[in-house]
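Novice: For reference, this is structure.txt, and it has compact mmCIF, C-alpha atoms.
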# COMPACT_ATOMS: atom_id res chain seq x y z
CA MET A 309 7.68 -7.62 28.42
CA ILE A 310 10.60 -8.00 26.05
CA SER A 311 9.82 -4.58 24.55
CA THR A 312 10.30 -2.89 27.94
CA GLY A 313 13.77 -4.36 28.37
CA ILE A 314 14.80 -3.49 24.82
CA ALA A 315 13.46 0.06 25.20
CA GLY A 316 15.49 0.54 28.39
CA TRP A 317 18.64 -0.84 26.75
CA MET A 318 18.18 1.46 23.76
CA ALA A 319 17.41 4.52 25.88
CA ALA A 320 20.69 4.03 27.73
CA ARG A 321 22.42 4.31 24.37
CA LYS A 322 20.30 7.28 23.25
CA LEU A 323 18.35 5.21 20.75
CA HIS A 324 14.57 5.42 20.39
CA TYR A 325 12.35 2.35 20.53
CA GLY A 326 10.28 3.81 17.72
CA TRP A 327 12.82 2.39 15.28
CA VAL A 328 12.09 -1.12 16.56
CA VAL A 329 8.36 -0.55 16.04
CA ALA A 330 9.08 0.79 12.54
CA ALA A 331 11.26 -2.23 11.70
CA THR A 332 8.59 -4.63 12.97
CA THR A 333 5.98 -2.85 10.87
CA PHE A 334 8.30 -2.94 7.85
CA LEU A 335 8.68 -6.73 8.06
CA THR A 336 4.97 -7.19 8.71
CA MET A 337 3.97 -5.22 5.62
CA LEU A 338 6.63 -7.05 3.61
CA ALA A 339 5.12 -10.41 4.66
CA THR A 340 1.55 -9.35 3.86
CA ALA A 341 2.80 -8.17 0.47
CA GLY A 342 3.65 -11.81 -0.14
CA ALA A 343 0.02 -12.73 0.46
CA MET A 344 -1.07 -10.04 -1.99
CA GLY A 345 1.49 -11.12 -4.58
CA SER A 346 0.76 -14.85 -4.28
CA ALA A 347 -2.78 -14.36 -5.58
CA GLY A 348 -1.45 -13.39 -9.00
CA VAL A 349 0.42 -16.68 -9.51
CA MET A 350 -2.54 -18.87 -8.50
CA ILE A 351 -4.96 -18.11 -11.32
CA GLN A 352 -3.58 -20.40 -14.01
CA PRO A 353 -2.60 -23.28 -11.65
CA LEU A 354 -6.09 -23.30 -10.09
CA HIS A 355 -7.68 -23.22 -13.53
CA GLN A 356 -5.58 -26.16 -14.66
CA GLU A 357 -6.01 -28.29 -11.52
CA PHE A 358 -9.70 -27.77 -10.78
CA GLY A 359 -11.03 -26.59 -14.13
CA TRP A 360 -12.45 -23.46 -12.51
CA ASP A 361 -13.32 -20.65 -14.88
CA VAL A 362 -10.76 -17.84 -14.88
CA ALA A 363 -13.56 -15.31 -14.44
CA ASP A 364 -14.70 -17.04 -11.25
CA ILE A 365 -11.15 -17.13 -9.88
CA SER A 366 -10.71 -13.45 -10.77
CA PHE A 367 -13.97 -12.64 -8.99
CA ALA A 368 -12.57 -14.02 -5.72
CA MET A 369 -9.38 -12.01 -6.16
CA ALA A 370 -11.41 -8.89 -6.98
CA ILE A 371 -13.27 -9.18 -3.66
CA ARG A 372 -9.89 -9.24 -1.94
CA LEU A 373 -8.82 -6.03 -3.67
CA VAL A 374 -12.07 -4.25 -2.83
CA LEU A 375 -11.77 -5.17 0.85
CA PHE A 376 -8.09 -4.24 0.77
CA GLY A 377 -9.08 -0.67 -0.10
CA LEU A 378 -12.37 -0.20 1.74
CA LEU A 379 -11.15 -1.54 5.09
CA GLY A 380 -8.44 1.12 5.39
CA PRO A 381 -10.48 3.69 7.35
CA PHE A 382 -11.99 1.01 9.58
CA ALA A 383 -8.56 -0.52 10.19
CA ALA A 384 -7.38 2.86 11.50
CA ALA A 385 -10.46 3.06 13.75
CA PHE A 386 -9.82 -0.41 15.14
CA MET A 387 -6.19 0.49 15.79
CA ASN A 388 -7.30 3.57 17.69
CA HIS A 389 -9.80 1.51 19.71
CA PHE A 390 -8.12 -1.86 20.31
CA GLY A 391 -4.48 -0.92 19.71
CA ILE A 392 -2.08 -1.54 16.84
CA ARG A 393 -0.58 -4.71 18.32
CA GLN A 394 -3.87 -6.51 18.83
CA VAL A 395 -5.36 -5.53 15.47
CA VAL A 396 -2.25 -6.43 13.46
CA ALA A 397 -1.80 -9.78 15.23
CA THR A 398 -5.45 -10.64 14.58
CA ALA A 399 -5.15 -9.63 10.92
CA LEU A 400 -2.04 -11.77 10.45
CA GLY A 401 -3.88 -14.65 12.08
CA LEU A 402 -6.70 -14.29 9.55
CA ILE A 403 -4.25 -14.28 6.64
CA LEU A 404 -2.46 -17.35 8.00
CA PHE A 405 -5.75 -19.19 8.54
CA GLY A 406 -6.93 -18.37 5.02
CA ILE A 407 -3.67 -19.54 3.42
CA ILE A 408 -3.41 -22.81 5.37
CA VAL A 409 -7.04 -23.83 4.82
CA SER A 410 -6.84 -22.93 1.12
CA LEU A 411 -4.19 -25.63 0.69
CA PHE A 412 -7.03 -28.16 1.04
CA MET A 413 -9.84 -26.40 -0.86
CA THR A 414 -11.69 -28.22 -3.63
CA GLU A 415 -14.65 -25.91 -4.41
CA ILE A 416 -14.79 -22.45 -5.96
CA TRP A 417 -16.91 -21.09 -3.09
CA GLN A 418 -14.05 -21.95 -0.75
CA LEU A 419 -11.71 -19.80 -2.83
CA VAL A 420 -14.18 -16.92 -2.63
CA ALA A 421 -14.58 -17.31 1.13
CA LEU A 422 -10.88 -17.76 1.92
CA TRP A 423 -9.07 -15.57 -0.61
CA GLY A 424 -11.87 -13.13 -1.24
CA ILE A 425 -13.14 -12.48 2.28
CA VAL A 426 -10.81 -13.89 4.95
CA ILE A 427 -7.51 -12.90 3.34
CA GLY A 428 -9.11 -9.74 1.95
CA VAL A 429 -10.01 -8.60 5.46
CA GLY A 430 -6.60 -9.57 6.85
CA THR A 431 -4.59 -7.76 4.20
CA GLY A 432 -6.94 -4.77 4.36
CA MET A 433 -6.20 -4.39 8.08
CA THR A 434 -2.44 -4.32 7.42
CA ALA A 435 -2.37 -2.09 4.35
CA MET A 436 -0.85 1.37 3.94
CA VAL A 437 -2.89 2.70 6.86
CA LEU A 438 -0.77 0.63 9.27
CA GLY A 439 2.38 2.40 8.16
CA ALA A 440 0.74 5.82 8.33
CA THR A 441 -0.60 5.15 11.84
CA VAL A 442 2.74 3.91 13.18
CA ALA A 443 4.65 6.82 11.67
CA SER A 444 2.15 9.40 12.98
CA ARG A 445 2.12 8.02 16.53
CA TRP A 446 5.79 7.19 17.06
CA PHE A 447 7.57 9.89 15.05
CA SER A 448 7.41 13.66 15.11
CA HIS A 449 10.74 14.12 13.33
CA ARG A 450 11.74 11.83 10.45
CA ARG A 451 8.07 10.95 9.94
CA GLY A 452 8.32 11.27 6.19
CA LEU A 453 11.36 8.99 6.06
CA VAL A 454 9.53 6.35 8.11
CA VAL A 455 6.43 6.54 5.93
CA GLY A 456 8.65 6.16 2.88
CA MET A 457 10.33 3.04 4.29
CA LEU A 458 7.04 1.42 5.31
CA SER A 459 5.33 2.26 2.03
CA ALA A 460 8.26 0.81 0.13
CA SER A 461 8.05 -2.45 2.07
CA ASN A 462 4.46 -3.03 0.96
CA ALA A 463 4.70 -1.89 -2.65
CA THR A 464 8.15 -3.28 -3.35
CA GLY A 465 7.31 -6.52 -1.59
CA GLN A 466 4.40 -7.17 -3.95
CA LEU A 467 6.61 -6.63 -6.99
CA LEU A 468 9.54 -8.69 -5.68
CA PHE A 469 7.46 -11.61 -4.39
CA LEU A 470 5.74 -12.13 -7.74
CA PRO A 471 8.75 -13.56 -9.66
CA LEU A 472 9.83 -15.70 -6.68
CA LEU A 473 6.38 -17.15 -6.09
CA ALA A 474 5.86 -17.66 -9.81
CA ALA A 475 9.10 -19.65 -10.03
CA LEU A 476 8.16 -21.79 -7.00
CA SER A 477 4.68 -22.39 -8.36
CA GLU A 478 6.03 -23.45 -11.76
CA ALA A 479 8.70 -25.74 -10.30
CA TYR A 480 6.95 -27.25 -7.28
CA GLY A 481 3.27 -26.26 -7.48
CA TRP A 482 1.15 -23.43 -6.14
CA ARG A 483 0.84 -25.02 -2.67
CA THR A 484 4.61 -24.75 -2.15
CA ALA A 485 4.46 -21.05 -2.97
CA LEU A 486 1.70 -20.62 -0.38
CA VAL A 487 3.69 -22.50 2.26
CA LEU A 488 6.51 -19.95 1.87
CA THR A 489 4.00 -17.13 2.24
CA ALA A 490 2.51 -18.75 5.36
CA ALA A 491 5.98 -19.06 6.92
CA ALA A 492 6.61 -15.34 6.34
CA ILE A 493 3.24 -14.44 7.91
CA THR A 494 4.00 -16.64 10.95
CA ALA A 495 7.37 -14.95 11.50
CA ALA A 496 5.77 -11.52 11.23
CA MET A 497 3.09 -12.45 13.78
CA LEU A 498 5.71 -13.52 16.31
CA LEU A 499 7.57 -10.24 15.89
CA VAL A 500 4.37 -8.24 16.38
CA LEU A 501 3.44 -10.11 19.57
CA LEU A 502 6.93 -9.69 21.01
CA LEU A 503 7.95 -6.18 19.93
CA MET A 504 4.96 -4.07 18.86
CA ARG A 505 3.55 -1.46 21.27
CA ASP A 506 0.63 0.86 20.61
CA HIS A 507 1.97 4.24 21.80
CA PRO A 508 5.34 5.63 22.93
CA ALA A 509 3.67 6.43 26.25
CA ASP A 510 3.21 2.70 26.85
CA LEU A 511 6.96 2.60 27.47
CA GLY A 512 7.13 5.99 29.12
CA LEU A 513 8.67 7.55 26.01
CA PRO A 514 7.91 10.69 24.00
CA ALA A 515 7.45 10.39 20.26
CA TYR A 516 10.73 10.52 18.38
CA GLY A 517 11.75 14.16 18.05
CA GLU A 518 9.73 15.34 21.08
CA THR A 519 10.72 15.82 24.70
CA ALA A 520 7.41 15.44 26.55
CA VAL A 521 5.52 12.17 26.95
CA SER A 522 2.03 12.58 25.49
CA LYS A 523 -0.70 10.42 26.94
CA PRO A 524 -2.78 8.69 24.26
CA PRO A 525 -6.28 10.14 23.93
CA LYS A 526 -9.05 8.32 25.75
CA GLN A 527 -11.10 6.14 23.45
CA ASP A 528 -14.82 5.47 23.62
CA HIS A 529 -14.94 1.75 24.32
CA LYS A 530 -18.34 1.26 22.71
CA LEU A 531 -17.94 -0.94 19.66
CA LEU A 532 -20.66 0.91 17.73
CA ALA A 533 -18.79 4.18 18.17
CA THR A 534 -15.66 2.52 16.84
CA LEU A 535 -17.47 1.18 13.79
CA ILE A 536 -19.03 4.51 12.86
CA SER A 537 -15.99 6.66 13.67
CA PRO A 538 -14.59 6.35 10.10
CA LEU A 539 -17.92 7.61 8.75
CA VAL A 540 -17.95 10.44 11.27
CA THR A 541 -14.41 11.35 10.25
CA LEU A 542 -15.35 11.26 6.57
CA LYS A 543 -18.25 13.61 7.23
CA SER A 544 -16.04 16.02 9.19
CA VAL A 545 -13.35 16.22 6.49
CA SER A 546 -15.69 16.10 3.49
CA THR A 547 -16.01 19.88 3.52
CA SER A 548 -12.25 20.32 3.26
CA PRO A 549 -10.84 20.92 -0.25
CA THR A 550 -7.54 19.50 1.03
CA PHE A 551 -9.17 16.11 1.58
CA TRP A 552 -10.72 15.96 -1.87
CA ILE A 553 -7.52 17.05 -3.61
CA LEU A 554 -5.58 14.34 -1.76
CA PHE A 555 -8.35 11.81 -2.50
CA GLY A 556 -8.44 12.72 -6.19
CA SER A 557 -4.68 12.70 -6.63
CA PHE A 558 -4.43 9.33 -4.90
CA PHE A 559 -7.18 8.02 -7.19
CA VAL A 560 -4.82 8.87 -10.05
CA CYS A 561 -1.94 7.25 -8.16
CA GLY A 562 -3.79 3.93 -8.00
CA LEU A 563 -4.99 4.26 -11.57
CA SER A 564 -1.45 4.76 -12.90
CA THR A 565 0.27 2.06 -10.78
CA ASN A 566 -1.52 -0.95 -9.29
CA GLY A 567 -4.51 -0.87 -11.58
CA LEU A 568 -2.64 -0.37 -14.84
CA ILE A 569 0.99 -1.51 -14.63
CA GLN A 570 0.85 -4.12 -11.88
CA THR A 571 -2.36 -5.69 -13.20
CA HIS A 572 -1.74 -5.55 -16.96
CA TRP A 573 2.05 -5.37 -17.30
CA ILE A 574 2.55 -9.01 -18.31
CA SER A 575 -0.21 -8.68 -20.93
CA ILE A 576 1.17 -5.36 -22.18
CA CYS A 577 4.60 -6.91 -22.67
CA GLY A 578 3.02 -10.00 -24.21
CA ASP A 579 1.62 -7.86 -27.01
CA PHE A 580 5.25 -7.11 -27.93
CA GLY A 581 6.37 -10.75 -27.82
CA MET A 582 7.84 -10.84 -24.29
CA THR A 583 7.49 -13.98 -22.18
CA SER A 584 5.75 -13.93 -18.79
CA VAL A 585 9.02 -14.63 -16.97
CA ALA A 586 10.76 -11.72 -18.69
CA ALA A 587 7.83 -9.40 -17.93
CA ALA A 588 7.78 -10.48 -14.28
CA GLY A 589 11.51 -9.81 -14.14
CA THR A 590 10.89 -6.26 -15.30
CA LEU A 591 8.38 -5.86 -12.47
CA ALA A 592 11.08 -6.99 -10.05
CA VAL A 593 13.38 -4.26 -11.39
CA LEU A 594 10.56 -1.77 -10.88
CA GLY A 595 10.25 -3.00 -7.31
CA ILE A 596 13.95 -2.55 -6.56
CA PHE A 597 14.01 1.03 -7.81
CA ASP A 598 10.66 1.71 -6.11
CA PHE A 599 12.22 0.89 -2.74
CA PHE A 600 14.97 3.46 -3.15
CA GLY A 601 12.63 6.01 -4.71
CA THR A 602 10.04 5.79 -1.94
CA VAL A 603 12.61 5.95 0.87
CA ALA A 604 14.22 8.96 -0.82
CA SER A 605 10.78 10.52 -1.14
CA GLY A 606 10.28 10.14 2.61
CA TRP A 607 13.62 11.86 3.25
CA LEU A 608 12.71 14.68 0.88
CA SER A 609 9.24 15.11 2.40
CA ASP A 610 10.84 15.98 5.76
CA ARG A 611 12.78 18.81 4.12
CA TYR A 612 10.82 20.30 1.22
CA ASP A 613 7.34 21.51 0.33
CA ASN A 614 5.29 18.34 -0.10
CA ARG A 615 3.03 19.98 -2.67
CA VAL A 616 5.99 20.62 -4.94
CA LEU A 617 7.21 17.04 -4.48
CA LEU A 618 3.82 15.67 -5.50
CA PHE A 619 3.77 18.02 -8.50
CA TRP A 620 7.03 16.54 -9.77
CA TYR A 621 6.12 12.95 -8.91
CA TYR A 622 2.82 12.99 -10.77
CA GLY A 623 4.19 15.06 -13.64
CA LEU A 624 7.22 12.85 -14.24
CA ARG A 625 5.14 9.68 -13.89
CA GLY A 626 2.76 11.01 -16.53
CA LEU A 627 5.64 11.72 -18.90
CA SER A 628 7.08 8.23 -18.39
CA LEU A 629 3.76 6.56 -19.23
CA ILE A 630 3.31 8.66 -22.36
CA TYR A 631 6.91 7.90 -23.35
CA LEU A 632 6.26 4.18 -22.93
CA SER A 633 3.18 4.32 -25.15
CA PHE A 634 5.26 5.66 -28.06
CA SER A 635 8.29 3.42 -27.47
CA GLY A 636 9.00 0.18 -29.27
CA PHE A 637 9.38 -1.81 -26.03
CA SER A 638 13.00 -2.57 -26.86
CA PHE A 639 15.38 -3.70 -24.11
CA TYR A 640 16.90 -0.24 -23.69
CA GLU A 641 13.57 1.56 -23.76
CA LEU A 642 12.07 -0.77 -21.16
CA SER A 643 15.20 -0.47 -19.02
CA ALA A 644 14.92 3.31 -19.03
CA PHE A 645 11.22 3.10 -18.18
CA ALA A 646 11.81 0.56 -15.38
CA VAL A 647 14.37 2.78 -13.68
CA PHE A 648 12.54 6.09 -14.16
CA TYR A 649 9.02 4.85 -13.44
CA GLY A 650 10.21 2.53 -10.67
CA LEU A 651 11.72 5.40 -8.69
CA ASP A 652 8.34 7.12 -8.88
CA TRP A 653 6.11 4.05 -8.36
CA ILE A 654 4.71 4.96 -4.95
CA ALA A 655 6.86 7.93 -3.99
CA THR A 656 3.60 9.88 -3.63
CA VAL A 657 2.75 8.19 -0.29
CA PRO A 658 5.09 10.04 2.14
CA PRO A 659 4.11 13.56 0.99
CA THR A 660 0.42 12.59 0.99
CA VAL A 661 0.60 11.22 4.55
CA LYS A 662 2.53 14.28 5.71
CA LEU A 663 -0.03 16.66 4.21
CA ALA A 664 -2.90 14.71 5.82
CA ALA A 665 -1.20 14.73 9.24
CA GLU A 666 -0.40 18.46 9.02
CA LYS A 667 -3.95 19.35 8.03
CA PHE A 668 -6.02 16.98 10.17
CA GLY A 669 -3.78 16.15 13.15
CA ARG A 670 -1.73 13.16 14.31
CA GLU A 671 -4.51 11.03 15.82
CA LYS A 672 -6.92 11.58 12.92
CA ALA A 673 -4.23 11.14 10.25
CA GLY A 674 -4.66 7.37 10.06
CA LEU A 675 -8.42 7.59 9.53
CA VAL A 676 -8.14 10.36 6.96
CA PHE A 677 -5.39 8.57 5.06
CA GLY A 678 -7.55 5.45 5.16
CA TRP A 679 -10.20 7.26 3.13
CA VAL A 680 -7.56 8.74 0.85
CA PHE A 681 -6.22 5.22 0.30
CA THR A 682 -9.75 4.12 -0.59
CA GLY A 683 -9.51 6.60 -3.46
CA HIS A 684 -6.25 4.90 -4.47
CA GLN A 685 -7.93 1.50 -4.69
CA LEU A 686 -10.94 2.88 -6.55
CA GLY A 687 -8.52 4.32 -9.10
CA ALA A 688 -6.75 0.95 -9.30
CA ALA A 689 -10.05 -0.84 -9.90
CA THR A 690 -10.99 1.68 -12.59
CA ALA A 691 -7.73 1.12 -14.46
CA ALA A 692 -7.84 -2.66 -14.01
CA PHE A 693 -11.21 -2.78 -15.76
CA GLY A 694 -10.73 0.18 -18.10
CA ALA A 695 -7.38 -0.92 -19.49
CA GLY A 696 -8.76 -4.38 -20.19
CA TYR A 697 -11.77 -2.88 -21.94
CA ILE A 698 -9.54 -0.65 -24.07
CA ARG A 699 -7.34 -3.63 -24.96
CA SER A 700 -10.39 -5.61 -26.12
CA ASP A 701 -11.84 -2.69 -28.09
CA PHE A 702 -8.66 -1.27 -29.67
CA GLU A 703 -6.48 -4.42 -29.54
CA THR A 704 -3.73 -2.38 -27.85
CA TYR A 705 -3.00 -0.98 -24.40
CA MET A 706 -1.39 2.20 -25.69
CA PRO A 707 -4.47 4.46 -25.28
CA ALA A 708 -4.74 3.30 -21.65
CA LEU A 709 -1.12 4.31 -21.02
CA GLN A 710 -1.73 7.70 -22.61
CA ILE A 711 -4.92 8.34 -20.64
CA ALA A 712 -3.12 7.47 -17.40
CA GLY A 713 -0.28 9.81 -18.36
CA VAL A 714 -2.68 12.70 -18.94
CA MET A 715 -4.46 12.00 -15.65
CA CYS A 716 -1.10 12.21 -13.86
CA MET A 717 -0.50 15.61 -15.44
CA LEU A 718 -3.88 16.82 -14.14
CA ALA A 719 -3.07 15.48 -10.67
CA ALA A 720 0.23 17.38 -10.74
CA VAL A 721 -1.65 20.62 -11.35
CA GLY A 722 -4.30 19.75 -8.75
CA VAL A 723 -1.91 19.28 -5.83
CA MET A 724 -0.58 22.81 -6.32
CA LEU A 725 -4.04 24.07 -5.32
CA LEU A 726 -3.34 22.93 -1.77
CA ARG A 727 -2.56 25.55 0.85
CA LYS A 728 1.16 26.06 1.36
CA PRO A 729 2.27 24.59 4.73
CA GLY A 730 2.53 27.27 7.38
CA SER A 731 0.18 29.60 5.58
CA SER A 732 -3.07 30.70 7.19
CA ALA A 733 -4.74 31.23 3.85
CA PRO A 734 -7.63 28.92 3.00
CA VAL A 735 -7.12 26.03 0.62
CA ALA A 736 -7.65 27.00 -2.98
CA GLN A 737 -10.86 25.63 -4.43
CA ALA A 738 -10.52 23.24 -7.35
CA ALA A 739 -12.56 24.12 -10.35
Mind turning this structure into structure tokens?
Specialist:
Amino acid sequence: MISTGIAGWMAARKLHYGWVVAATTFLTMLATAGAMGSAGVMIQPLHQEFGWDVADISFAMAIRLVLFGLLGPFAAAFMNHFGIRQVVATALGLILFGIIVSLFMTEIWQLVALWGIVIGVGTGMTAMVLGATVASRWFSHRRGLVVGMLSASNATGQLLFLPLLAALSEAYGWRTALVLTAAAITAAMLLVLLLMRDHPADLGLPAYGETAVSKPPKQDHKLLATLISPLVTLKSVSTSPTFWILFGSFFVCGLSTNGLIQTHWISICGDFGMTSVAAAGTLAVLGIFDFFGTVASGWLSDRYDNRVLLFWYYGLRGLSLIYLSFSGFSFYELSAFAVFYGLDWIATVPPTVKLAAEKFGREKAGLVFGWVFTGHQLGAATAAFGAGYIRSDFETYMPALQIAGVMCMLAAVGVMLLRKPGSSAPVAQAA
């Protein structure tokens, strides 16, 4: 295989093939972010072309988001059972199939089937859990940095793709925007088939930072065991306060990012007279600073107490949201918010993955983080609905921003209840 030759060439130059796997994963998650971002620019064009009700279109997109979150634990189980390469290639194939067929759809049920279910399953199998699994298997040292890079590719990609796809859709139609997304997915699939390997041992290598080659654990090849393994894992960790603190804090993470800002940002800015293009541009700025912030967070998580990092991330994010709610949304105020909040957008991922891996072990880390990520998406769904409800009831989003800010403050306090790494003391119980 090509990967074997490249690994040998790199080993001769004292380079580890894990970086190739990480780069392949980075580009894969960046491409799937395009599929996630393209959904947001399709609502109005589909409504105008087919006359479909916006609520029906939103229902299809909501199914996609639910599957995106709930499939995380099962994606990790499938990766453990069938291998990362096979699962990711299959997921990318599903996304590509859904996008291509949707170019010819004429009925609302086709949108639900393709964008709700098919693409929902595909993106769910290549979500944050993919990055956590790759980092846990291939890296012992620099794991936090790798998680930061891979997390940034997914989150930043969604924010950066939105303005580009919106511009293409407005100038040439929504189908052109989807063709670009399909091309990115195709390129990612080719890279996965050529370069991705499941374990370092497949190439006779130790994980990066280790000296001994560790054989991958034997897997039960019964499909039923694979399907129930996420539930078994959930049962085994459900008695751990560490799990519930990570789950709860990640619920707040989703509530204060994807569910609130990413979903409602254009509407929030619209209340202050900003155009959609200008608001989308601000999201792009958030995405740029998010990339640097998340990568820096990964670097920091390899060197400092991850509990303390999460305390500052959640605390500062809460302050930025409360600040925004009392600002006048002027250019300078929004610029300050975009930089400050953008650096903190998803910086919580590397410390959370590190804490999960340290507590529950390398092989179980992907499954556990999958359930923690489910909490993230439940928080996002709560904010997506709750902020809209508050806007309808109070005719302003400001209370939603303030509530999210307070929740971040509570999460900052909660993560400090975790056991300090290296300590044998039990995890503090949350009240």
Novice: Using all atoms listed in the file, which residues sit within 10 Å of Thr441 of chain A once same-chain residues fewer than 4 positions away are excluded, as a ChimeraX atom specification?
Specialist: /A:383-384,387-388,392,436-437,445-447,455,506,661,665,670-675,677-678
Novice: Here is a test: counting all atoms listed in the file, which residue of A:Ala421, A:Glu703, A:Ser444, A:Leu535 is nearest to Val409 of chain A?
Specialist: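 Closest to Val409 of chain A, using all atoms listed in the file: A:Ala421.
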Novice: Using all atoms listed in the file, I'd like a table of the residues in segment 425-474 of chain A that come within 12 Å of segment 493-499 of chain A; for each, show the closest atom pair and its distance in Å rounded to one decimal, ordered by chain and ascending number, as a tab-separated table.
Specialist:
residue	atom	partner	partner_atom	distance
A:Ile427	CA	A:Ile493	CA	11.8
A:Gly430	CA	A:Ile493	CA	11.0
A:Thr431	CA	A:Ile493	CA	10.9
A:Thr434	CA	A:Ala496	CA	11.6
Novice: For the residues selected in the previous step, produce a file with C-alpha atoms as a CSV table (one decimal), in the frame of the given file.
Specialist:
chain,number,residue,atom,x,y,z
A,427,ILE,CA,-7.5,-12.9,3.3
A,430,GLY,CA,-6.6,-9.6,6.8
A,431,THR,CA,-4.6,-7.8,4.2
A,434,THR,CA,-2.4,-4.3,7.4
Novice: Please measure the separation of atom CA of Gly556 of chain A and atom CA of Thr656 of chain A, giving the value in Å to one decimal.
Specialist: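 Calculated distance between atom CA of Gly556 of chain A and atom CA of Thr656 of chain A is 12.6 Å.
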Novice: Return the single residue from A:Met706, A:Leu725, A:Ala339, A:Ala474 that is closest to Phe580 of chain A, with distances computed using all atoms listed in the file.
Specialist: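 Under the stated criterion, the closest residue is A:Met706.
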Novice: Select, from A:Leu542, A:Met715, A:Ala490, A:Leu502, the residue with the minimum atom-to-atom distance to Cys561 of chain A, counting all atoms listed in the file.
Specialist: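 Of A:Leu542, A:Met715, A:Ala490, A:Leu502, the one nearest Cys561 of chain A is A:Met715, counting all atoms listed in the file.
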Novice: Go ahead and compute the interatomic distance for atom CA of Gln710 of chain A and atom CA of Ile630 of chain A, in Å to one decimal.
Specialist: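 Calculated distance between atom CA of Gln710 of chain A and atom CA of Ile630 of chain A is 5.1 Å.
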Novice: Using only C-alpha atoms, which residue out of A:Leu375, A:Met344, A:Ala385, A:Leu617 lies closest to Leu663 of chain A?
Specialist: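 Smallest separation from Leu663 of chain A among the options: A:Leu617.
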Novice: Pro353 of chain A: which residues within 9 Å, counting all atoms listed in the file, same-chain residues fewer than 3 positions away excluded, as an MDAnalysis selection string?
Specialist: chainID A and resid 349:350 356:358 477:478 481:482
Novice: Calculated over all atoms listed in the file, which of the candidates A:Val723, A:Ala443, A:Ala586, A:Leu438 has the smallest distance to Phe551 of chain A?
Specialist: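 Closest to Phe551 of chain A of all the choices is A:Val723.
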Novice: Provide the atom CA of Arg611 of chain A to atom CA of Pro658 of chain A distance in Å, to one decimal place.
Specialist: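 Answer for the atom CA of Arg611 of chain A to atom CA of Pro658 of chain A separation: 11.8 Å.
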Novice: Dump as JSON, numbers by chain all residues having an atom at most 9 Å from (-1.2, -18.7, 5.1), computed in the file's coordinates with only C-alpha atoms.
Specialist: {"A": [343, 400, 401, 402, 403, 404, 405, 406, 407, 408, 409, 410, 411, 427, 486, 487, 488, 489, 490, 491, 492, 493, 494]}
Novice: Using all atoms listed in the file, pick whichever of A:Lys523, A:Lys662, A:His572, A:Arg625 has the shortest atom-to-atom distance to Val714 of chain A.
Specialist: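 Ranking A:Lys523, A:Lys662, A:His572, A:Arg625 by distance to Val714 of chain A, first place goes to A:Arg625.
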Novice: Name all residues at most 9 Å from Trp679 of chain A (count all atoms listed in the file; drop same-chain ones fewer than 2 positions away) and give them as number ranges by chain.
Specialist: A: 377-378, 380-381, 538, 542, 555, 674-677, 681-684
Novice: Write out as a ChimeraX atom specification each polymer residue whose atoms come within 7 Å of Arg393 of chain A, counting all atoms listed in the file; drop sequence neighbours fewer than 5 positions from it.
Specialist: /A:500-501,504-506
Novice: Quick one: what's the axis-aligned box for segment 421-433 of chain A, all listed atoms, 6 Å on every side, centre and edges in Å to one decimal, as lines of an AutoDock Vina configuration file?
Specialist:
center_x = -9.6
center_y = -11.1
center_z = 3.4
size_x = 22.0
size_y = 25.4
size_z = 21.3
Novice: Would you fill out segment 435-443 of chain A with N, CA and C atoms and return it as a PDB file, in the frame of the given file?
Specialist:
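Resulting contents of out-v4.pdb:
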ATOM      1  N   ALA A 435      -2.760  -2.798   5.571  1.00  0.00           N
ATOM      2  CA  ALA A 435      -2.370  -2.090   4.350  1.00  0.00           C
ATOM      3  C   ALA A 435      -1.607  -0.821   4.697  1.00  0.00           C
ATOM      4  N   MET A 436      -1.615   0.141   3.773  1.00  0.00           N
ATOM      5  CA  MET A 436      -0.850   1.370   3.940  1.00  0.00           C
ATOM      6  C   MET A 436      -1.212   2.136   5.210  1.00  0.00           C
ATOM      7  N   VAL A 437      -2.456   1.966   5.681  1.00  0.00           N
ATOM      8  CA  VAL A 437      -2.890   2.700   6.860  1.00  0.00           C
ATOM      9  C   VAL A 437      -2.057   2.312   8.079  1.00  0.00           C
ATOM     10  N   LEU A 438      -1.622   1.069   8.162  1.00  0.00           N
ATOM     11  CA  LEU A 438      -0.770   0.630   9.270  1.00  0.00           C
ATOM     12  C   LEU A 438       0.499   1.459   9.318  1.00  0.00           C
ATOM     13  N   GLY A 439       1.161   1.608   8.188  1.00  0.00           N
ATOM     14  CA  GLY A 439       2.380   2.400   8.160  1.00  0.00           C
ATOM     15  C   GLY A 439       2.145   3.850   8.527  1.00  0.00           C
ATOM     16  N   ALA A 440       1.047   4.420   8.020  1.00  0.00           N
ATOM     17  CA  ALA A 440       0.740   5.820   8.330  1.00  0.00           C
ATOM     18  C   ALA A 440       0.449   6.006   9.814  1.00  0.00           C
ATOM     19  N   THR A 441      -0.260   5.049  10.419  1.00  0.00           N
ATOM     20  CA  THR A 441      -0.600   5.150  11.840  1.00  0.00           C
ATOM     21  C   THR A 441       0.646   5.036  12.712  1.00  0.00           C
ATOM     22  N   VAL A 442       1.509   4.077  12.410  1.00  0.00           N
ATOM     23  CA  VAL A 442       2.740   3.910  13.180  1.00  0.00           C
ATOM     24  C   VAL A 442       3.626   5.145  13.073  1.00  0.00           C
ATOM     25  N   ALA A 443       3.795   5.652  11.863  1.00  0.00           N
ATOM     26  CA  ALA A 443       4.650   6.820  11.670  1.00  0.00           C
ATOM     27  C   ALA A 443       4.082   8.043  12.386  1.00  0.00           C
TER      28      ALA A 443
END
